[in-house]
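Structure below is input_13.pdb: PDB, C-alpha atoms, pLDDT in the B column.
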MODEL        1
ATOM      1  CA  MET A   1      -9.060  15.611 -16.843  1.00 59.00           C
ATOM      2  CA  ASP A   2      -9.241  19.336 -17.540  1.00 62.00           C
ATOM      3  CA  ASP A   3     -11.010  19.973 -14.248  1.00 72.00           C
ATOM      4  CA  ILE A   4      -8.453  18.079 -12.144  1.00 74.00           C
ATOM      5  CA  VAL A   5      -6.336  20.272  -9.882  1.00 78.00           C
ATOM      6  CA  TRP A   6      -3.070  18.392  -9.582  1.00 77.00           C
ATOM      7  CA  PHE A   7      -1.381  18.221  -6.160  1.00 78.00           C
ATOM      8  CA  ARG A   8      -3.973  20.334  -4.367  1.00 82.00           C
ATOM      9  CA  TYR A   9      -3.683  18.421  -1.077  1.00 82.00           C
ATOM     10  CA  SER A  10      -0.610  18.988   1.051  1.00 79.00           C
ATOM     11  CA  PHE A  11       0.892  16.529   3.485  1.00 75.00           C
ATOM     12  CA  ASP A  12      -0.806  18.470   6.303  1.00 80.00           C
ATOM     13  CA  ASP A  13      -4.167  18.127   4.534  1.00 78.00           C
ATOM     14  CA  MET A  14      -3.669  14.390   4.283  1.00 77.00           C
ATOM     15  CA  GLN A  15      -2.703  14.192   7.956  1.00 77.00           C
ATOM     16  CA  SER A  16      -5.900  15.984   8.960  1.00 78.00           C
ATOM     17  CA  HIS A  17      -7.935  13.509   6.903  1.00 77.00           C
ATOM     18  CA  SER A  18      -6.069  10.565   8.393  1.00 79.00           C
ATOM     19  CA  ALA A  19      -6.903  11.844  11.873  1.00 81.00           C
ATOM     20  CA  ALA A  20     -10.579  11.221  11.068  1.00 82.00           C
ATOM     21  CA  PHE A  21      -9.988   7.532  10.371  1.00 84.00           C
ATOM     22  CA  PRO A  22     -11.185   5.147  13.077  1.00 87.00           C
ATOM     23  CA  PRO A  23      -8.379   3.867  15.327  1.00 90.00           C
ATOM     24  CA  TYR A  24      -8.429   0.343  13.848  1.00 91.00           C
ATOM     25  CA  LEU A  25      -7.906   1.788  10.359  1.00 89.00           C
ATOM     26  CA  GLN A  26      -5.094   4.056  11.547  1.00 89.00           C
ATOM     27  CA  VAL A  27      -3.364   1.050  13.141  1.00 94.00           C
ATOM     28  CA  TRP A  28      -3.800  -1.046   9.980  1.00 94.00           C
ATOM     29  CA  LEU A  29      -2.511   1.707   7.669  1.00 90.00           C
ATOM     30  CA  ASN A  30       0.457   2.424   9.943  1.00 92.00           C
ATOM     31  CA  TRP A  31       1.241  -1.307  10.112  1.00 96.00           C
ATOM     32  CA  MET A  32       1.184  -1.618   6.311  1.00 95.00           C
ATOM     33  CA  THR A  33       3.262   1.535   5.851  1.00 93.00           C
ATOM     34  CA  GLY A  34       5.833   0.353   8.369  1.00 96.00           C
ATOM     35  CA  LEU A  35       5.965  -3.095   6.828  1.00 96.00           C
ATOM     36  CA  GLN A  36       6.487  -1.675   3.346  1.00 94.00           C
ATOM     37  CA  PHE A  37       9.215   0.658   4.629  1.00 95.00           C
ATOM     38  CA  ALA A  38      10.842  -2.284   6.399  1.00 96.00           C
ATOM     39  CA  SER A  39      11.267  -3.990   3.025  1.00 95.00           C
ATOM     40  CA  PHE A  40      13.926  -1.407   2.161  1.00 95.00           C
ATOM     41  CA  VAL A  41      15.709  -1.866   5.496  1.00 95.00           C
ATOM     42  CA  VAL A  42      15.710  -5.670   5.250  1.00 95.00           C
ATOM     43  CA  LEU A  43      16.794  -5.429   1.600  1.00 94.00           C
ATOM     44  CA  MET A  44      19.782  -3.237   2.558  1.00 94.00           C
ATOM     45  CA  PHE A  45      21.197  -6.191   4.499  1.00 94.00           C
ATOM     46  CA  ASN A  46      20.075  -8.833   2.000  1.00 94.00           C
ATOM     47  CA  ARG A  47      20.463  -6.997  -1.277  1.00 93.00           C
ATOM     48  CA  HIS A  48      20.776 -10.112  -3.439  1.00 96.00           C
ATOM     49  CA  ASN A  49      17.520 -11.651  -2.247  1.00 96.00           C
ATOM     50  CA  ARG A  50      15.226 -11.729  -5.277  1.00 96.00           C
ATOM     51  CA  LEU A  51      12.010 -11.938  -3.259  1.00 97.00           C
ATOM     52  CA  LEU A  52      12.929  -8.890  -1.182  1.00 96.00           C
ATOM     53  CA  GLN A  53      13.830  -7.041  -4.368  1.00 97.00           C
ATOM     54  CA  VAL A  54      10.352  -7.728  -5.744  1.00 98.00           C
ATOM     55  CA  VAL A  55       8.630  -6.682  -2.496  1.00 98.00           C
ATOM     56  CA  ALA A  56      10.687  -3.480  -2.214  1.00 97.00           C
ATOM     57  CA  ALA A  57      10.117  -2.644  -5.893  1.00 97.00           C
ATOM     58  CA  ALA A  58       6.357  -3.108  -5.424  1.00 98.00           C
ATOM     59  CA  ALA A  59       6.418  -0.866  -2.343  1.00 97.00           C
ATOM     60  CA  PHE A  60       8.419   1.810  -4.173  1.00 97.00           C
ATOM     61  CA  ALA A  61       6.167   1.706  -7.243  1.00 98.00           C
ATOM     62  CA  ASN A  62       3.117   1.953  -4.990  1.00 96.00           C
ATOM     63  CA  TYR A  63       4.554   5.056  -3.302  1.00 94.00           C
ATOM     64  CA  LEU A  64       5.325   6.616  -6.688  1.00 95.00           C
ATOM     65  CA  MET A  65       1.724   6.058  -7.776  1.00 96.00           C
ATOM     66  CA  GLY A  66       0.036   6.687  -4.435  1.00 93.00           C
ATOM     67  CA  TYR A  67       1.505  10.072  -3.637  1.00 91.00           C
ATOM     68  CA  PRO A  68       0.183  11.845  -6.764  1.00 93.00           C
ATOM     69  CA  ILE A  69      -3.214  10.174  -6.298  1.00 93.00           C
ATOM     70  CA  ALA A  70      -3.433  11.241  -2.647  1.00 89.00           C
ATOM     71  CA  ALA A  71      -2.110  14.732  -3.330  1.00 89.00           C
ATOM     72  CA  THR A  72      -4.542  15.245  -6.207  1.00 91.00           C
ATOM     73  CA  PHE A  73      -7.717  13.444  -5.151  1.00 90.00           C
ATOM     74  CA  GLY A  74      -7.297  13.166  -1.385  1.00 87.00           C
ATOM     75  CA  PRO A  75      -8.019  10.045   0.671  1.00 87.00           C
ATOM     76  CA  VAL A  76     -10.180   8.220  -1.855  1.00 92.00           C
ATOM     77  CA  ARG A  77     -10.623   4.570  -2.771  1.00 94.00           C
ATOM     78  CA  LEU A  78      -8.498   5.103  -5.895  1.00 96.00           C
ATOM     79  CA  LEU A  79      -5.459   4.741  -3.614  1.00 94.00           C
ATOM     80  CA  ALA A  80      -6.052   0.980  -3.890  1.00 96.00           C
ATOM     81  CA  LEU A  81      -4.881   1.117  -7.521  1.00 98.00           C
ATOM     82  CA  GLY A  82      -1.192   0.891  -6.632  1.00 96.00           C
ATOM     83  CA  HIS A  83      -1.870  -2.036  -4.344  1.00 96.00           C
ATOM     84  CA  ILE A  84      -3.621  -3.931  -7.135  1.00 98.00           C
ATOM     85  CA  LEU A  85      -1.085  -3.039  -9.840  1.00 98.00           C
ATOM     86  CA  PHE A  86       2.049  -3.670  -7.768  1.00 98.00           C
ATOM     87  CA  TRP A  87       1.317  -5.599  -4.568  1.00 97.00           C
ATOM     88  CA  ALA A  88      -0.943  -8.228  -6.142  1.00 98.00           C
ATOM     89  CA  PRO A  89       1.668  -9.361  -8.719  1.00 98.00           C
ATOM     90  CA  ALA A  90       4.378  -9.277  -6.033  1.00 98.00           C
ATOM     91  CA  LEU A  91       2.149 -11.379  -3.784  1.00 98.00           C
ATOM     92  CA  ILE A  92       1.599 -13.948  -6.531  1.00 98.00           C
ATOM     93  CA  PHE A  93       5.321 -14.047  -7.318  1.00 98.00           C
ATOM     94  CA  VAL A  94       6.384 -14.501  -3.691  1.00 98.00           C
ATOM     95  CA  LEU A  95       3.726 -17.174  -3.136  1.00 98.00           C
ATOM     96  CA  HIS A  96       4.997 -19.092  -6.176  1.00 98.00           C
ATOM     97  CA  GLN A  97       8.576 -18.845  -4.896  1.00 97.00           C
ATOM     98  CA  ARG A  98       7.781 -19.628  -1.244  1.00 96.00           C
ATOM     99  CA  ASN A  99       9.898 -22.818  -1.330  1.00 96.00           C
ATOM    100  CA  GLU A 100      12.971 -20.579  -1.658  1.00 94.00           C
ATOM    101  CA  ILE A 101      12.240 -18.871   1.669  1.00 95.00           C
ATOM    102  CA  THR A 102      14.200 -19.839   4.757  1.00 95.00           C
ATOM    103  CA  TRP A 103      11.392 -19.208   7.217  1.00 96.00           C
ATOM    104  CA  ARG A 104      13.595 -19.215  10.340  1.00 96.00           C
ATOM    105  CA  SER A 105      15.545 -16.148   9.328  1.00 96.00           C
ATOM    106  CA  VAL A 106      15.005 -12.396   9.457  1.00 96.00           C
ATOM    107  CA  VAL A 107      14.068 -12.432   5.774  1.00 96.00           C
ATOM    108  CA  GLY A 108      11.716 -15.374   6.296  1.00 97.00           C
ATOM    109  CA  VAL A 109       9.936 -13.741   9.238  1.00 97.00           C
ATOM    110  CA  TYR A 110       9.653 -10.473   7.317  1.00 97.00           C
ATOM    111  CA  LEU A 111       8.250 -12.240   4.239  1.00 98.00           C
ATOM    112  CA  ALA A 112       5.786 -14.213   6.387  1.00 98.00           C
ATOM    113  CA  LEU A 113       4.472 -10.961   7.897  1.00 98.00           C
ATOM    114  CA  TRP A 114       4.378  -9.368   4.445  1.00 98.00           C
ATOM    115  CA  LEU A 115       2.535 -12.340   2.923  1.00 98.00           C
ATOM    116  CA  VAL A 116      -0.140 -12.361   5.626  1.00 98.00           C
ATOM    117  CA  THR A 117      -0.606  -8.584   5.530  1.00 98.00           C
ATOM    118  CA  THR A 118      -0.670  -8.352   1.747  1.00 98.00           C
ATOM    119  CA  SER A 119      -3.003 -11.356   1.466  1.00 98.00           C
ATOM    120  CA  ILE A 120      -5.462  -9.469   3.666  1.00 98.00           C
ATOM    121  CA  SER A 121      -4.945  -6.102   1.976  1.00 97.00           C
ATOM    122  CA  VAL A 122      -5.214  -7.045  -1.707  1.00 98.00           C
ATOM    123  CA  PRO A 123      -8.804  -8.404  -1.577  1.00 98.00           C
ATOM    124  CA  ILE A 124      -9.888  -5.335   0.411  1.00 96.00           C
ATOM    125  CA  ASP A 125      -8.144  -3.137  -2.155  1.00 96.00           C
ATOM    126  CA  ALA A 126      -9.908  -4.941  -5.011  1.00 98.00           C
ATOM    127  CA  VAL A 127     -13.265  -4.128  -3.416  1.00 97.00           C
ATOM    128  CA  GLU A 128     -12.228  -0.509  -2.788  1.00 95.00           C
ATOM    129  CA  LEU A 129     -11.079  -0.061  -6.381  1.00 97.00           C
ATOM    130  CA  PHE A 130     -14.315  -1.612  -7.671  1.00 98.00           C
ATOM    131  CA  ARG A 131     -16.313   0.783  -5.499  1.00 96.00           C
ATOM    132  CA  TYR A 132     -14.356   3.743  -6.899  1.00 97.00           C
ATOM    133  CA  LEU A 133     -14.202   2.809 -10.586  1.00 97.00           C
ATOM    134  CA  VAL A 134     -17.463   0.911 -11.101  1.00 98.00           C
ATOM    135  CA  LEU A 135     -19.833   2.195  -8.430  1.00 97.00           C
ATOM    136  CA  GLY A 136     -18.556   5.768  -8.622  1.00 96.00           C
ATOM    137  CA  GLU A 137     -17.859   6.136  -4.890  1.00 94.00           C
ATOM    138  CA  THR A 138     -15.337   8.940  -5.355  1.00 93.00           C
ATOM    139  CA  ALA A 139     -15.894  10.866  -2.116  1.00 90.00           C
ATOM    140  CA  PHE A 140     -13.300  10.995   0.636  1.00 87.00           C
ATOM    141  CA  ILE A 141     -13.181   7.820   2.688  1.00 82.00           C
ATOM    142  CA  TYR A 142     -13.617   9.835   5.895  1.00 70.00           C
ATOM    143  CA  PRO A 143     -14.302  13.561   6.358  1.00 63.00           C
ATOM    144  CA  ARG A 144     -11.548  15.972   7.233  1.00 59.00           C
ATOM    145  CA  VAL A 145     -10.838  16.898  10.838  1.00 54.00           C
ATOM    146  CA  LEU A 146     -10.081  20.592  11.281  1.00 50.00           C
TER     147      LEU A 146
ENDMDL
END
Encoding of this model in structure tokens:
Amino acid sequence: MDDIVWFRYSFDDMQSHSAAFPPYLQVWLNWMTGLQFASFVVLMFNRHNRLLQVVAAAAFANYLMGYPIAATFGPVRLLALGHILFWAPALIFVLHQRNEITWRSVVGVYLALWLVTTSISVPIDAVELFRYLVLGETAFIYPRVL
């Protein structure tokens, strides 16, 4: 850890790396980011909903972990760590409590979208984290665009 330069990548650096991502990946990442942000908006109007509290807490914890990782290491597969540590348990919890969801409501529609998206993302993230930690694939996911 002595050779790690903490917070060496700025927001602009990350944006230039993101510009190199293929369009399908940019759409997917923007969708997930928007969906996670929406958890806070939906929670503001349904603040006593336990499932939304769990989803929003997982999103917030992921942001708290993801920003230092991205700012220090850049766009690497290690970013999947927050998804595995926070989204996977939230996914399991919400799936176990799915009988509490009123599906024909704003909260129900939001949680349905979140469940589908997170159910797709978490297995991908598990593979990405395996590739980073076990296989040693620590390079940037895509090269930087200048």
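Excluding Ile124 of chain A and any residue on its chain fewer than 6 positions from it, the residues at most 10 Å away by all atoms listed in the file are Ala80, His83, Ile84, Thr118 and Phe130 of chain A.
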Handout entry: Using only C-alpha atoms: which of A:Gln97, A:Thr102, A:Gln15, A:Ser10 has the shortest distance to Arg50 of chain A
Key =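 The shortest atom-to-atom distance to Arg50 of chain A comes from A:Gln97.
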* Would you kindly translate the PyMOL selection byres ((chain A and resi 87) around 12) into the concrete residues it picks from this file, as a PyMOL selection string? => chain A and resi 32+36+54-63+80-86+88-95+114-115+117-123+125-126
Given all atoms listed in the file as the counted atoms, nearest of A:Val42, A:Gly136, A:Ile69, A:Gln53 to Ser105 of chain A: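 Ranking A:Val42, A:Gly136, A:Ile69, A:Gln53 by distance to Ser105 of chain A, first place goes to A:Val42.
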Can you tell me how far atom CA of Trp6 of chain A sits from atom CA of Gly74 of chain A, in Å to one decimal?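 Rounded to one decimal, the two atoms are 10.6 Å apart.
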Report the centre and edge lengths, in Å to one decimal, of an axis-aligned box enclosing every atom of segment 23-40 of chain A listed in the file, padded by 4 Å on each side, as lines of an AutoDock Vina configuration file.
center_x = 2.7
center_y = 0.0
center_z = 8.7
size_x = 30.4
size_y = 16.0
size_z = 21.2
Practice task
Could you please determine the separation between atom CA of Val127 of chain A and atom CA of Ala19 of chain A in Å, to one decimal place?
Solution key: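 A separation of 23.0 Å between them.
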Please compute the atom CA of Met14 of chain A-atom CA of Trp28 of chain A distance, one decimal, in Å.
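The value is 16.5 Å.
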Notebook entry, point to check: For Glu137 of chain A, which residue among A:Leu78, A:Ile101, A:Val106, A:Leu25 is the nearest when counting all atoms listed in the file?
Noted result: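 Among A:Leu78, A:Ile101, A:Val106, A:Leu25, it is A:Leu78 that comes nearest to Glu137 of chain A.
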Among A:Leu129, A:Val134, A:Val109, A:Val5, Val76 of chain A is approached most closely, using all atoms listed in the file, by A:Leu129
